[in-house]
$ cat model_6.txt   # compact mmCIF, C-alpha atoms
# COMPACT_ATOMS: atom_id res chain seq x y z
CA MET B 67 17.66 -38.25 10.71
CA VAL B 68 16.56 -35.40 12.99
CA ILE B 69 12.94 -34.57 13.85
CA ALA B 70 12.38 -31.06 15.23
CA ILE B 71 9.23 -29.48 16.64
CA GLY B 72 8.89 -25.70 16.56
CA PHE B 73 6.75 -23.41 18.73
CA GLU B 74 5.91 -19.97 17.31
CA GLY B 75 3.85 -17.33 19.15
CA SER B 76 5.56 -13.97 18.71
CA ALA B 77 2.39 -12.16 17.59
CA ASN B 78 -1.26 -13.11 17.04
CA LYS B 79 -0.60 -16.53 15.48
CA LEU B 80 0.15 -19.62 17.54
CA GLY B 81 1.86 -22.23 15.36
CA ILE B 82 3.42 -25.60 16.11
CA GLY B 83 5.22 -27.40 13.28
CA ILE B 84 7.22 -30.59 12.88
CA ILE B 85 10.13 -30.97 10.44
CA LYS B 86 11.99 -34.16 9.55
CA ASP B 87 15.18 -33.56 7.56
CA GLY B 88 13.72 -30.76 5.44
CA GLN B 89 10.26 -32.33 5.10
CA VAL B 90 7.28 -30.56 6.67
CA LEU B 91 5.30 -33.24 8.51
CA SER B 92 2.74 -30.89 10.07
CA ASN B 93 2.18 -27.17 10.51
CA PRO B 94 -1.13 -26.29 12.24
CA ARG B 95 -1.75 -22.81 13.64
CA HIS B 96 -4.49 -20.81 15.33
CA THR B 97 -4.95 -17.06 14.85
CA TYR B 98 -6.23 -14.54 17.39
CA ILE B 99 -8.65 -12.32 15.45
CA THR B 100 -10.00 -9.08 16.93
CA PRO B 101 -13.07 -7.06 15.79
CA PRO B 102 -12.73 -4.64 12.82
CA GLY B 103 -10.94 -1.42 13.70
CA GLN B 104 -9.02 -2.98 16.59
CA GLY B 105 -5.49 -4.33 17.01
CA PHE B 106 -4.45 -7.12 19.37
CA LEU B 107 -3.18 -6.43 22.89
CA PRO B 108 -0.28 -8.45 24.33
CA LYS B 109 -2.17 -9.80 27.38
CA ASP B 110 -5.18 -10.91 25.29
CA THR B 111 -2.92 -12.48 22.67
CA ALA B 112 -0.98 -14.36 25.36
CA LYS B 113 -4.26 -15.69 26.80
CA HIS B 114 -5.25 -16.89 23.31
CA HIS B 115 -1.96 -18.78 23.02
CA ARG B 116 -2.37 -20.36 26.45
CA ASP B 117 -5.94 -21.41 25.64
CA HIS B 118 -5.01 -23.08 22.34
CA ALA B 119 -1.49 -24.42 22.99
CA LEU B 120 -2.48 -27.98 23.86
CA SER B 121 -5.01 -28.39 21.03
CA VAL B 122 -2.52 -27.09 18.43
CA LEU B 123 0.24 -29.33 19.86
CA LYS B 124 -2.06 -32.35 19.70
CA ALA B 125 -3.00 -31.50 16.08
CA ALA B 126 0.69 -31.17 15.12
CA LEU B 127 1.59 -34.59 16.57
CA GLU B 128 -1.45 -36.31 15.05
CA GLU B 129 -1.00 -34.78 11.59
CA ALA B 130 2.70 -35.69 11.56
CA ASN B 131 1.95 -39.17 12.96
CA VAL B 132 4.87 -38.69 15.34
CA LYS B 133 5.14 -39.69 19.00
CA PRO B 134 6.93 -37.47 21.57
CA GLU B 135 9.71 -40.03 22.01
CA GLU B 136 10.53 -39.79 18.28
CA ILE B 137 11.21 -36.02 18.46
CA ASP B 138 14.89 -35.10 18.79
CA VAL B 139 14.78 -31.39 19.62
CA ILE B 140 12.33 -28.72 20.83
CA CYS B 141 12.63 -25.29 19.15
CA TYR B 142 10.90 -22.07 20.22
CA THR B 143 10.84 -18.40 19.23
CA LYS B 144 13.10 -16.37 21.52
CA GLY B 145 12.24 -13.08 19.75
CA PRO B 146 11.71 -10.55 18.36
CA GLY B 147 8.01 -10.13 19.06
CA MET B 148 5.42 -9.13 21.65
CA GLY B 149 6.57 -9.88 25.20
CA ALA B 150 3.56 -11.64 26.71
CA PRO B 151 2.79 -13.92 23.73
CA LEU B 152 6.49 -14.84 23.43
CA VAL B 153 6.69 -15.78 27.11
CA SER B 154 3.48 -17.83 27.07
CA THR B 155 4.69 -19.85 24.07
CA ALA B 156 8.22 -20.32 25.45
CA LEU B 157 6.70 -21.63 28.68
CA VAL B 158 4.93 -24.38 26.73
CA ALA B 159 8.15 -25.26 24.87
CA ARG B 160 10.19 -25.41 28.10
CA THR B 161 7.57 -27.57 29.80
CA VAL B 162 7.43 -29.99 26.87
CA ALA B 163 11.25 -30.18 26.70
CA GLN B 164 11.41 -31.17 30.37
CA LEU B 165 8.47 -33.59 30.24
CA TRP B 166 9.84 -35.33 27.14
CA LYS B 167 13.47 -34.99 28.30
CA LYS B 168 14.60 -33.35 25.04
CA PRO B 169 17.19 -30.63 24.26
CA ILE B 170 15.84 -27.16 23.48
CA VAL B 171 16.98 -24.52 20.96
CA ALA B 172 16.09 -20.80 21.09
CA VAL B 173 15.42 -19.47 17.58
CA ASN B 174 15.46 -15.96 16.13
CA HIS B 175 12.04 -15.36 14.53
CA CYS B 176 13.48 -13.51 11.50
CA ILE B 177 15.97 -16.29 10.78
CA GLY B 178 13.10 -18.77 11.01
CA HIS B 179 11.43 -16.95 8.11
CA ILE B 180 14.65 -16.92 6.08
CA GLU B 181 15.49 -20.60 6.58
CA MET B 182 11.92 -21.67 5.79
CA GLY B 183 11.99 -19.56 2.63
CA ARG B 184 15.29 -21.12 1.56
CA LEU B 185 13.97 -24.62 2.23
CA VAL B 186 10.64 -24.22 0.42
CA THR B 187 11.91 -22.29 -2.62
CA GLY B 188 15.36 -23.84 -3.05
CA ALA B 189 17.04 -20.41 -3.10
CA LYS B 190 20.77 -20.81 -2.43
CA ASN B 191 22.13 -17.41 -1.38
CA PRO B 192 19.43 -14.79 -1.96
CA THR B 193 19.14 -11.17 -0.98
CA VAL B 194 16.17 -11.29 1.40
CA LEU B 195 13.32 -8.81 1.81
CA TYR B 196 11.72 -9.61 5.17
CA VAL B 197 8.38 -7.80 5.52
CA SER B 198 5.82 -8.40 8.26
CA GLY B 199 3.68 -6.66 10.87
CA GLY B 200 6.62 -6.15 13.19
CA ASN B 201 9.70 -6.19 10.95
CA THR B 202 10.96 -4.67 7.70
CA GLN B 203 14.53 -5.54 6.72
CA VAL B 204 16.70 -6.12 3.65
CA ILE B 205 19.16 -8.89 4.51
CA ALA B 206 22.08 -10.69 2.87
CA TYR B 207 24.30 -13.48 4.18
CA SER B 208 28.03 -12.93 4.63
CA ASP B 209 30.68 -14.54 6.82
CA ARG B 210 28.39 -16.53 9.14
CA CYS B 211 25.96 -13.67 9.67
CA TYR B 212 22.68 -12.47 8.18
CA ARG B 213 23.61 -8.83 7.70
CA ILE B 214 20.99 -6.09 7.60
CA PHE B 215 21.56 -3.77 4.63
CA GLY B 216 18.48 -1.64 5.20
CA GLU B 217 15.43 -1.49 7.43
CA THR B 218 12.57 0.64 8.65
CA ILE B 219 13.60 3.42 11.01
CA ASP B 220 10.17 3.55 12.66
CA ILE B 221 7.22 1.19 12.06
CA ALA B 222 7.10 -1.97 9.96
CA VAL B 223 5.35 -2.00 6.58
CA GLY B 224 2.81 -4.55 7.84
CA ASN B 225 2.00 -2.32 10.80
CA CYS B 226 1.48 0.60 8.41
CA LEU B 227 -1.00 -1.43 6.32
CA ASP B 228 -2.76 -2.87 9.38
CA ARG B 229 -3.26 0.54 10.95
CA PHE B 230 -4.71 1.97 7.74
CA ALA B 231 -7.08 -1.00 7.63
CA ARG B 232 -8.33 0.13 11.06
CA VAL B 233 -9.09 3.60 9.63
CA LEU B 234 -11.27 1.92 6.97
CA LYS B 235 -12.76 -0.47 9.58
CA LEU B 236 -11.71 -3.48 7.50
CA SER B 237 -12.07 -6.98 8.89
CA ASN B 238 -9.10 -8.62 10.62
CA ASP B 239 -10.17 -11.97 9.17
CA PRO B 240 -8.02 -13.51 7.75
CA SER B 241 -5.77 -10.43 8.14
CA PRO B 242 -6.04 -6.65 7.60
CA GLY B 243 -3.24 -6.70 5.01
CA TYR B 244 -5.01 -9.35 2.94
CA ASN B 245 -8.21 -7.28 2.90
CA ILE B 246 -6.29 -4.15 1.87
CA GLU B 247 -4.77 -6.18 -1.00
CA GLN B 248 -8.24 -7.23 -2.23
CA LEU B 249 -9.53 -3.63 -2.19
CA ALA B 250 -6.35 -2.37 -3.91
CA LYS B 251 -7.04 -4.65 -6.89
CA ARG B 252 -10.11 -2.50 -7.65
CA GLY B 253 -8.37 0.85 -7.17
CA LYS B 254 -8.00 3.01 -10.29
CA GLN B 255 -6.95 6.49 -9.15
CA TYR B 256 -3.51 7.02 -7.64
CA LEU B 257 -3.03 9.51 -4.80
CA GLU B 258 0.52 10.82 -4.49
CA MET B 259 1.88 10.20 -0.98
CA PRO B 260 5.12 10.90 0.89
CA TYR B 261 7.86 8.59 -0.44
CA VAL B 262 10.51 8.29 2.29
CA VAL B 263 13.70 6.41 1.46
CA LYS B 264 16.77 7.47 3.45
CA GLY B 265 19.81 5.78 1.99
CA MET B 266 19.14 2.08 2.53
CA ASP B 267 16.42 2.68 5.12
CA VAL B 268 12.72 3.45 4.82
CA SER B 269 10.19 5.32 6.97
CA PHE B 270 6.45 4.64 7.08
CA SER B 271 5.19 6.63 10.09
CA GLY B 272 4.88 9.99 8.31
CA LEU B 273 3.21 8.35 5.32
CA LEU B 274 0.73 6.65 7.68
CA SER B 275 -0.03 9.93 9.49
CA TYR B 276 -0.62 11.60 6.12
CA ILE B 277 -3.08 8.99 4.85
CA GLU B 278 -4.84 8.64 8.25
CA GLU B 279 -5.54 12.38 8.25
CA LYS B 280 -6.51 12.67 4.57
CA ALA B 281 -8.55 9.48 4.10
CA PRO B 282 -11.86 10.41 5.81
CA LYS B 283 -12.16 13.73 3.93
CA LEU B 284 -11.11 12.26 0.57
CA ILE B 285 -13.64 9.45 0.86
CA GLU B 286 -16.43 11.70 2.15
CA SER B 287 -15.91 14.18 -0.72
CA GLY B 288 -16.01 11.40 -3.31
CA ALA B 289 -12.60 12.40 -4.69
CA TYR B 290 -11.16 8.96 -3.89
CA THR B 291 -12.68 5.60 -2.97
CA PRO B 292 -11.32 3.29 -0.23
CA GLU B 293 -10.13 1.07 -3.09
CA ASP B 294 -8.15 3.98 -4.60
CA LEU B 295 -6.47 4.72 -1.26
CA CYS B 296 -5.53 1.06 -0.64
CA PHE B 297 -4.10 0.91 -4.16
CA SER B 298 -2.14 4.15 -3.66
CA LEU B 299 -0.77 3.08 -0.28
CA GLN B 300 0.35 -0.32 -1.58
CA GLU B 301 2.03 1.09 -4.68
CA THR B 302 3.95 3.67 -2.64
CA VAL B 303 5.22 1.47 0.18
CA PHE B 304 6.07 -1.42 -2.14
CA ALA B 305 8.02 0.86 -4.49
CA MET B 306 10.09 2.02 -1.50
CA LEU B 307 10.85 -1.59 -0.58
CA ILE B 308 11.77 -2.59 -4.13
CA GLU B 309 14.18 0.36 -4.38
CA ILE B 310 16.23 -0.57 -1.31
CA THR B 311 16.15 -4.28 -2.19
CA GLU B 312 17.50 -3.60 -5.68
CA ARG B 313 20.29 -1.47 -4.22
CA ALA B 314 21.27 -4.30 -1.87
CA MET B 315 21.24 -6.78 -4.78
CA ALA B 316 23.53 -4.50 -6.77
CA HIS B 317 25.94 -4.18 -3.85
CA CYS B 318 26.05 -7.96 -3.30
CA ASP B 319 26.02 -8.80 -7.03
CA SER B 320 23.08 -11.07 -6.19
CA SER B 321 21.16 -13.11 -8.77
CA GLU B 322 18.43 -14.23 -6.33
CA VAL B 323 15.88 -12.35 -4.25
CA LEU B 324 13.66 -13.98 -1.64
CA ILE B 325 10.57 -12.39 -0.05
CA VAL B 326 9.61 -13.67 3.41
CA GLY B 327 7.25 -12.58 6.19
CA GLY B 328 3.50 -12.11 6.28
CA VAL B 329 3.42 -9.18 3.83
CA GLY B 330 5.40 -11.38 1.42
CA CYS B 331 2.13 -13.17 0.56
CA ASN B 332 0.97 -10.03 -1.26
CA LYS B 333 0.70 -10.80 -4.99
CA ARG B 334 1.28 -7.18 -6.03
CA LEU B 335 4.52 -7.01 -4.04
CA GLN B 336 5.62 -10.27 -5.66
CA GLU B 337 4.69 -8.89 -9.10
CA MET B 338 6.65 -5.66 -8.60
CA MET B 339 9.67 -7.55 -7.23
CA GLY B 340 9.45 -9.97 -10.17
CA ILE B 341 9.62 -7.09 -12.66
CA MET B 342 12.68 -5.64 -10.94
CA ALA B 343 14.36 -9.06 -10.74
CA SER B 344 13.75 -9.85 -14.41
CA GLU B 345 15.22 -6.48 -15.45
CA ARG B 346 18.38 -7.45 -13.53
CA GLY B 347 18.44 -11.00 -14.90
CA ALA B 348 17.77 -12.29 -11.37
CA THR B 349 15.32 -14.87 -10.03
CA LEU B 350 12.49 -14.11 -7.61
CA TYR B 351 11.63 -16.63 -4.89
CA ALA B 352 8.48 -16.32 -2.78
CA THR B 353 6.19 -18.59 -0.79
CA ASP B 354 2.44 -18.72 -0.18
CA GLU B 355 0.48 -18.10 3.02
CA ARG B 356 1.37 -21.53 4.45
CA PHE B 357 4.96 -20.43 5.05
CA CYS B 358 4.98 -16.61 4.62
CA ILE B 359 2.71 -16.09 7.61
CA ASP B 360 4.14 -16.92 11.05
CA ASN B 361 4.14 -20.69 11.58
CA GLY B 362 5.74 -23.34 13.75
CA ALA B 363 7.48 -25.21 10.93
CA MET B 364 9.78 -22.25 10.22
CA ILE B 365 10.97 -22.28 13.84
CA ALA B 366 11.44 -26.06 13.63
CA GLN B 367 13.46 -25.67 10.40
CA ALA B 368 15.80 -22.99 11.79
CA GLY B 369 16.15 -24.96 15.02
CA TRP B 370 16.83 -28.13 13.02
CA GLU B 371 19.68 -26.35 11.20
CA MET B 372 21.07 -25.00 14.48
CA TYR B 373 20.82 -28.33 16.32
CA ARG B 374 22.59 -30.23 13.52
CA SER B 375 25.45 -27.71 13.71
CA GLY B 376 25.84 -28.35 17.45
CA VAL B 377 23.75 -25.55 18.95
CA VAL B 378 21.73 -26.34 22.10
CA THR B 379 20.33 -23.73 24.52
CA PRO B 380 20.84 -24.41 28.25
CA LEU B 381 17.46 -24.45 30.02
CA GLU B 382 18.40 -21.49 32.24
CA GLU B 383 19.03 -19.42 29.08
CA THR B 384 15.68 -20.18 27.41
CA THR B 385 14.46 -16.63 27.90
CA CYS B 386 12.62 -14.30 25.51
CA THR B 387 13.50 -10.86 24.23
CA GLN B 388 11.26 -8.47 22.32
CA ARG B 389 14.29 -7.03 20.53
CA PHE B 390 16.46 -9.74 18.99
CA ARG B 391 18.35 -8.51 15.94
CA THR B 392 18.77 -10.76 12.91
CA ASP B 393 22.49 -9.90 12.82
CA GLU B 394 23.04 -10.92 16.46
CA VAL B 395 22.92 -14.64 15.57
CA LYS B 396 26.04 -16.55 14.56
CA VAL B 397 24.98 -18.65 11.57
CA THR B 398 26.90 -21.86 12.34
CA TRP B 399 25.05 -24.00 9.75
CA ARG B 400 26.11 -22.13 6.59
CA GLY B 401 29.53 -21.96 5.01

$ encode --input "model_6.txt" --output "structure tokens"
Amino acid sequence: MVIAIGFEGSANKLGIGIIKDGQVLSNPRHTYITPPGQGFLPKDTAKHHRDHALSVLKAALEEANVKPEEIDVICYTKGPGMGAPLVSTALVARTVAQLWKKPIVAVNHCIGHIEMGRLVTGAKNPTVLYVSGGNTQVIAYSDRCYRIFGETIDIAVGNCLDRFARVLKLSNDPSPGYNIEQLAKRGKQYLEMPYVVKGMDVSFSGLLSYIEEKAPKLIESGAYTPEDLCFSLQETVFAMLIEITERAMAHCDSSEVLIVGGVGCNKRLQEMMGIMASERGATLYATDERFCIDNGAMIAQAGWEMYRSGVVTPLEETTCTQRFRTDEVKVTWRG
């Protein structure tokens, strides 16, 4: 029986989770929330993580009822993510590994999402849509590698939604994307927007520029409400994502689709994906905000899988990288 503790801090959420042979023992997190209309800067986010690291670690151990000597392996997010927050969190993980005299495993953030999604939903070999504030990828497993079939060629879908939330001065609590989703439920009038799918890839930057420029005038004139624009933006970007996901499923002859990442919490995205999946005779798997949003347990789960397959990271190699591709990792724990 292996107990793994995971440290996640690649963006504005600091999470520390403990996993014991596929069972989540604890998964507390603390979110850095900025005022409406503002994003979060790397240095301020890193300070937030430093300020809350010990309290979140204490909460994780107490909730799991686990002592440091019972933990078998320390896991941390190597990347991708924001440089300063990644480094501040990795520093805590390295310190703990040395104090507790435990092995350490460097985990790819994207693979953490995938492995947590597989664990929680029971999906066996799904086509994965990974959508968050920093990443947008369509992924499928083949020959010991999570292969990227399609991705954004500029900004992530979550970044597109977050930046439009700033235009509308929406609250960042609990997240800009969540507040856009709530407004979109009341939208009735659809505004046609640029729909940019290039083969298996998508582009959101031009669409964002379009809506950022148009929104103030459309709202001021009364032609469209903020709710209408949130609805229109969601419908457009989600349709683009469903299209490339379905194409990947057809290529892989897949009967399962899994949505992971923070944007994966969105009920409308899940509904649209469910319709597409049912038309193909496939099954949709999705998780709620406990595991969709960045958390420590997902890093613990991926690290647990890696450690059990013989992977350990030498201390001198426990670095961070802002660009760490999903397909760079050799998946030693799957057949």

$ atom_distance --input "model_6.txt" --atom1 "CA of Gly243 (chain B)" --atom2 "CA of Thr202 (chain B)"
14.6 Å

$ atom_distance --input "model_6.txt" --atom1 "CA of Leu295 (chain B)" --atom2 "CA of Thr100 (chain B)"
23.1 Å

$ closest_residue --input "model_6.txt" --among "B:Asn361, B:Thr398, B:Ser344, B:Thr218" --to "Leu80 (chain B)" --atoms "only C-alpha atoms"
B:Asn361

$ residues_around --input "model_6.txt" --residues "Ser321 (chain B)" --least-positions-apart "2" --cutoff "12 Å" --atoms "only C-alpha atoms" --output "number ranges by chain"
B: 189-194, 206, 312, 314-319, 323-324, 342-351

$ residues_around --input "model_6.txt" --residues "Cys226 (chain B)" --least-positions-apart "6" --cutoff "12 Å" --atoms "all atoms listed in the file" --output "MDAnalysis selection string"
chainID B and resid 197:202 218 220 232:233 242:243 246 269:278 296 299:300 302:304 329

$ closest_residue --input "model_6.txt" --among "B:Tyr207, B:Trp370, B:Phe215, B:Phe357" --to "Val397 (chain B)" --atoms "all atoms listed in the file"
B:Tyr207

$ axis_aligned_box --input "model_6.txt" --around "region 281-296 of chain B" --padding-each-side "3 Å" --output "AutoDock Vina command-line options"
--center_x -11.0 --center_y 7.6 --center_z 0.6 --size_x 16.9 --size_y 19.1 --size_z 16.5

$ closest_residue --input "model_6.txt" --among "B:Cys331, B:Ala125, B:Met259, B:Ala77" --to "Lys280 (chain B)" --atoms "only C-alpha atoms"
B:Met259

$ atom_distance --input "model_6.txt" --atom1 "CA of Gly328 (chain B)" --atom2 "CA of Asp360 (chain B)"
6.8 Å

$ closest_residue --input "model_6.txt" --among "B:Gly188, B:Pro151, B:Gly216, B:Gly105" --to "Val268 (chain B)" --atoms "only C-alpha atoms"
B:Gly216

$ closest_residue --input "model_6.txt" --among "B:Ser241, B:Gln367, B:Ser76, B:Thr379" --to "Gly149 (chain B)" --atoms "only C-alpha atoms"
B:Ser76

$ residues_around --input "model_6.txt" --residues "Val162 (chain B)" --least-positions-apart "5" --cutoff "12 Å" --atoms "only C-alpha atoms" --output "short mmCIF file (atom, residue, chain, number, x, y, z; two decimals) with C-alpha atoms, in the coordinates of the input"
data_model
loop_
_atom_site.label_atom_id
_atom_site.label_comp_id
_atom_site.auth_asym_id
_atom_site.auth_seq_id
_atom_site.Cartn_x
_atom_site.Cartn_y
_atom_site.Cartn_z
CA ILE B 71 9.23 -29.48 16.64
CA GLY B 72 8.89 -25.70 16.56
CA PHE B 73 6.75 -23.41 18.73
CA ALA B 119 -1.49 -24.42 22.99
CA LEU B 120 -2.48 -27.98 23.86
CA LEU B 123 0.24 -29.33 19.86
CA PRO B 134 6.93 -37.47 21.57
CA GLU B 135 9.71 -40.03 22.01
CA ILE B 137 11.21 -36.02 18.46
CA VAL B 139 14.78 -31.39 19.62
CA ILE B 140 12.33 -28.72 20.83
CA CYS B 141 12.63 -25.29 19.15
CA TYR B 142 10.90 -22.07 20.22
CA THR B 155 4.69 -19.85 24.07
CA ALA B 156 8.22 -20.32 25.45
CA LEU B 157 6.70 -21.63 28.68
CA LYS B 167 13.47 -34.99 28.30
CA LYS B 168 14.60 -33.35 25.04
CA PRO B 169 17.19 -30.63 24.26
CA ILE B 170 15.84 -27.16 23.48
CA LEU B 381 17.46 -24.45 30.02
#

$ closest_residue --input "model_6.txt" --among "B:Gly81, B:Gly103, B:Gly178, B:Gly265" --to "Val158 (chain B)" --atoms "all atoms listed in the file"
B:Gly81

$ residues_around --input "model_6.txt" --residues "Leu335 (chain B)" --least-positions-apart "2" --cutoff "9 Å" --atoms "all atoms listed in the file" --output "list in words"
Gln300, Glu301, Phe304, Ala305, Ile308, Val329, Gly330, Cys331, Asn332, Lys333, Glu337, Met338, Met339 and Gly340 of chain B

$ write_last_selection --input "model_6.txt" --atoms "C-alpha atoms" --output "PDB file, in the coordinates of the input"
ATOM      1  CA  GLN B 300       0.350  -0.320  -1.580  1.00  0.00           C
ATOM      2  CA  GLU B 301       2.030   1.090  -4.680  1.00  0.00           C
ATOM      3  CA  PHE B 304       6.070  -1.420  -2.140  1.00  0.00           C
ATOM      4  CA  ALA B 305       8.020   0.860  -4.490  1.00  0.00           C
ATOM      5  CA  ILE B 308      11.770  -2.590  -4.130  1.00  0.00           C
ATOM      6  CA  VAL B 329       3.420  -9.180   3.830  1.00  0.00           C
ATOM      7  CA  GLY B 330       5.400 -11.380   1.420  1.00  0.00           C
ATOM      8  CA  CYS B 331       2.130 -13.170   0.560  1.00  0.00           C
ATOM      9  CA  ASN B 332       0.970 -10.030  -1.260  1.00  0.00           C
ATOM     10  CA  LYS B 333       0.700 -10.800  -4.990  1.00  0.00           C
ATOM     11  CA  GLU B 337       4.690  -8.890  -9.100  1.00  0.00           C
ATOM     12  CA  MET B 338       6.650  -5.660  -8.600  1.00  0.00           C
ATOM     13  CA  MET B 339       9.670  -7.550  -7.230  1.00  0.00           C
ATOM     14  CA  GLY B 340       9.450  -9.970 -10.170  1.00  0.00           C
TER      15      GLY B 340
END

$ residues_around --input "model_6.txt" --residues "Gln104 (chain B)" --least-positions-apart "2" --cutoff "10 Å" --atoms "only C-alpha atoms" --output "mmCIF file with C-alpha atoms, keeping the file's coordinate frame"
data_model
loop_
_atom_site.group_PDB
_atom_site.id
_atom_site.type_symbol
_atom_site.label_atom_id
_atom_site.label_comp_id
_atom_site.auth_asym_id
_atom_site.auth_seq_id
_atom_site.Cartn_x
_atom_site.Cartn_y
_atom_site.Cartn_z
ATOM 1 C CA ILE B 99 -8.650 -12.320 15.450
ATOM 2 C CA THR B 100 -10.000 -9.080 16.930
ATOM 3 C CA PRO B 101 -13.070 -7.060 15.790
ATOM 4 C CA PRO B 102 -12.730 -4.640 12.820
ATOM 5 C CA PHE B 106 -4.450 -7.120 19.370
ATOM 6 C CA LEU B 107 -3.180 -6.430 22.890
ATOM 7 C CA ASP B 228 -2.760 -2.870 9.380
ATOM 8 C CA ARG B 229 -3.260 0.540 10.950
ATOM 9 C CA ALA B 231 -7.080 -1.000 7.630
ATOM 10 C CA ARG B 232 -8.330 0.130 11.060
ATOM 11 C CA VAL B 233 -9.090 3.600 9.630
ATOM 12 C CA LYS B 235 -12.760 -0.470 9.580
ATOM 13 C CA LEU B 236 -11.710 -3.480 7.500
ATOM 14 C CA SER B 237 -12.070 -6.980 8.890
ATOM 15 C CA ASN B 238 -9.100 -8.620 10.620
#

$ residues_near_point --input "model_6.txt" --point "(10.1, -13.9, 25.1)" --cutoff "12 Å" --atoms "only C-alpha atoms" --output "ChimeraX atom specification"
/B:73-77,108,112,142-160,172-175,383-390

$ write_last_selection --input "model_6.txt" --atoms "C-alpha atoms" --output "mmCIF file, in the coordinates of the input"
data_model
loop_
_atom_site.group_PDB
_atom_site.id
_atom_site.type_symbol
_atom_site.label_atom_id
_atom_site.label_comp_id
_atom_site.auth_asym_id
_atom_site.auth_seq_id
_atom_site.Cartn_x
_atom_site.Cartn_y
_atom_site.Cartn_z
ATOM 1 C CA PHE B 73 6.750 -23.410 18.730
ATOM 2 C CA GLU B 74 5.910 -19.970 17.310
ATOM 3 C CA GLY B 75 3.850 -17.330 19.150
ATOM 4 C CA SER B 76 5.560 -13.970 18.710
ATOM 5 C CA ALA B 77 2.390 -12.160 17.590
ATOM 6 C CA PRO B 108 -0.280 -8.450 24.330
ATOM 7 C CA ALA B 112 -0.980 -14.360 25.360
ATOM 8 C CA TYR B 142 10.900 -22.070 20.220
ATOM 9 C CA THR B 143 10.840 -18.400 19.230
ATOM 10 C CA LYS B 144 13.100 -16.370 21.520
ATOM 11 C CA GLY B 145 12.240 -13.080 19.750
ATOM 12 C CA PRO B 146 11.710 -10.550 18.360
ATOM 13 C CA GLY B 147 8.010 -10.130 19.060
ATOM 14 C CA MET B 148 5.420 -9.130 21.650
ATOM 15 C CA GLY B 149 6.570 -9.880 25.200
ATOM 16 C CA ALA B 150 3.560 -11.640 26.710
ATOM 17 C CA PRO B 151 2.790 -13.920 23.730
ATOM 18 C CA LEU B 152 6.490 -14.840 23.430
ATOM 19 C CA VAL B 153 6.690 -15.780 27.110
ATOM 20 C CA SER B 154 3.480 -17.830 27.070
ATOM 21 C CA THR B 155 4.690 -19.850 24.070
ATOM 22 C CA ALA B 156 8.220 -20.320 25.450
ATOM 23 C CA LEU B 157 6.700 -21.630 28.680
ATOM 24 C CA VAL B 158 4.930 -24.380 26.730
ATOM 25 C CA ALA B 159 8.150 -25.260 24.870
ATOM 26 C CA ARG B 160 10.190 -25.410 28.100
ATOM 27 C CA ALA B 172 16.090 -20.800 21.090
ATOM 28 C CA VAL B 173 15.420 -19.470 17.580
ATOM 29 C CA ASN B 174 15.460 -15.960 16.130
ATOM 30 C CA HIS B 175 12.040 -15.360 14.530
ATOM 31 C CA GLU B 383 19.030 -19.420 29.080
ATOM 32 C CA THR B 384 15.680 -20.180 27.410
ATOM 33 C CA THR B 385 14.460 -16.630 27.900
ATOM 34 C CA CYS B 386 12.620 -14.300 25.510
ATOM 35 C CA THR B 387 13.500 -10.860 24.230
ATOM 36 C CA GLN B 388 11.260 -8.470 22.320
ATOM 37 C CA ARG B 389 14.290 -7.030 20.530
ATOM 38 C CA PHE B 390 16.460 -9.740 18.990
#

$ decode --input "model_6.txt" --residues "region 351-357 of chain B" --atoms "N, CA, C and O atoms" --output "compact mmCIF listing (two decimals), in the first residue's frame"
# COMPACT_ATOMS: atom_id res chain seq x y z
N TYR B 351 -17.56 11.10 -19.60
CA TYR B 351 -17.11 11.09 -18.21
C TYR B 351 -16.65 12.50 -17.85
O TYR B 351 -15.90 13.13 -18.60
N ALA B 352 -17.11 12.99 -16.70
CA ALA B 352 -16.69 14.32 -16.23
C ALA B 352 -16.71 14.31 -14.71
O ALA B 352 -17.35 13.48 -14.08
N THR B 353 -15.98 15.26 -14.12
CA THR B 353 -15.93 15.36 -12.67
C THR B 353 -16.46 16.72 -12.23
O THR B 353 -16.69 17.60 -13.06
N ASP B 354 -16.63 16.89 -10.92
CA ASP B 354 -17.10 18.18 -10.41
C ASP B 354 -15.92 19.05 -9.99
O ASP B 354 -14.76 18.70 -10.23
N GLU B 355 -16.24 20.19 -9.35
CA GLU B 355 -15.19 21.16 -9.04
C GLU B 355 -14.13 20.66 -8.06
O GLU B 355 -13.03 21.20 -7.99
N ARG B 356 -14.43 19.59 -7.31
CA ARG B 356 -13.43 19.05 -6.39
C ARG B 356 -12.18 18.57 -7.12
O ARG B 356 -11.06 18.70 -6.63
N PHE B 357 -12.39 18.00 -8.32
CA PHE B 357 -11.27 17.39 -9.03
C PHE B 357 -11.00 18.01 -10.40
O PHE B 357 -9.93 17.81 -10.96
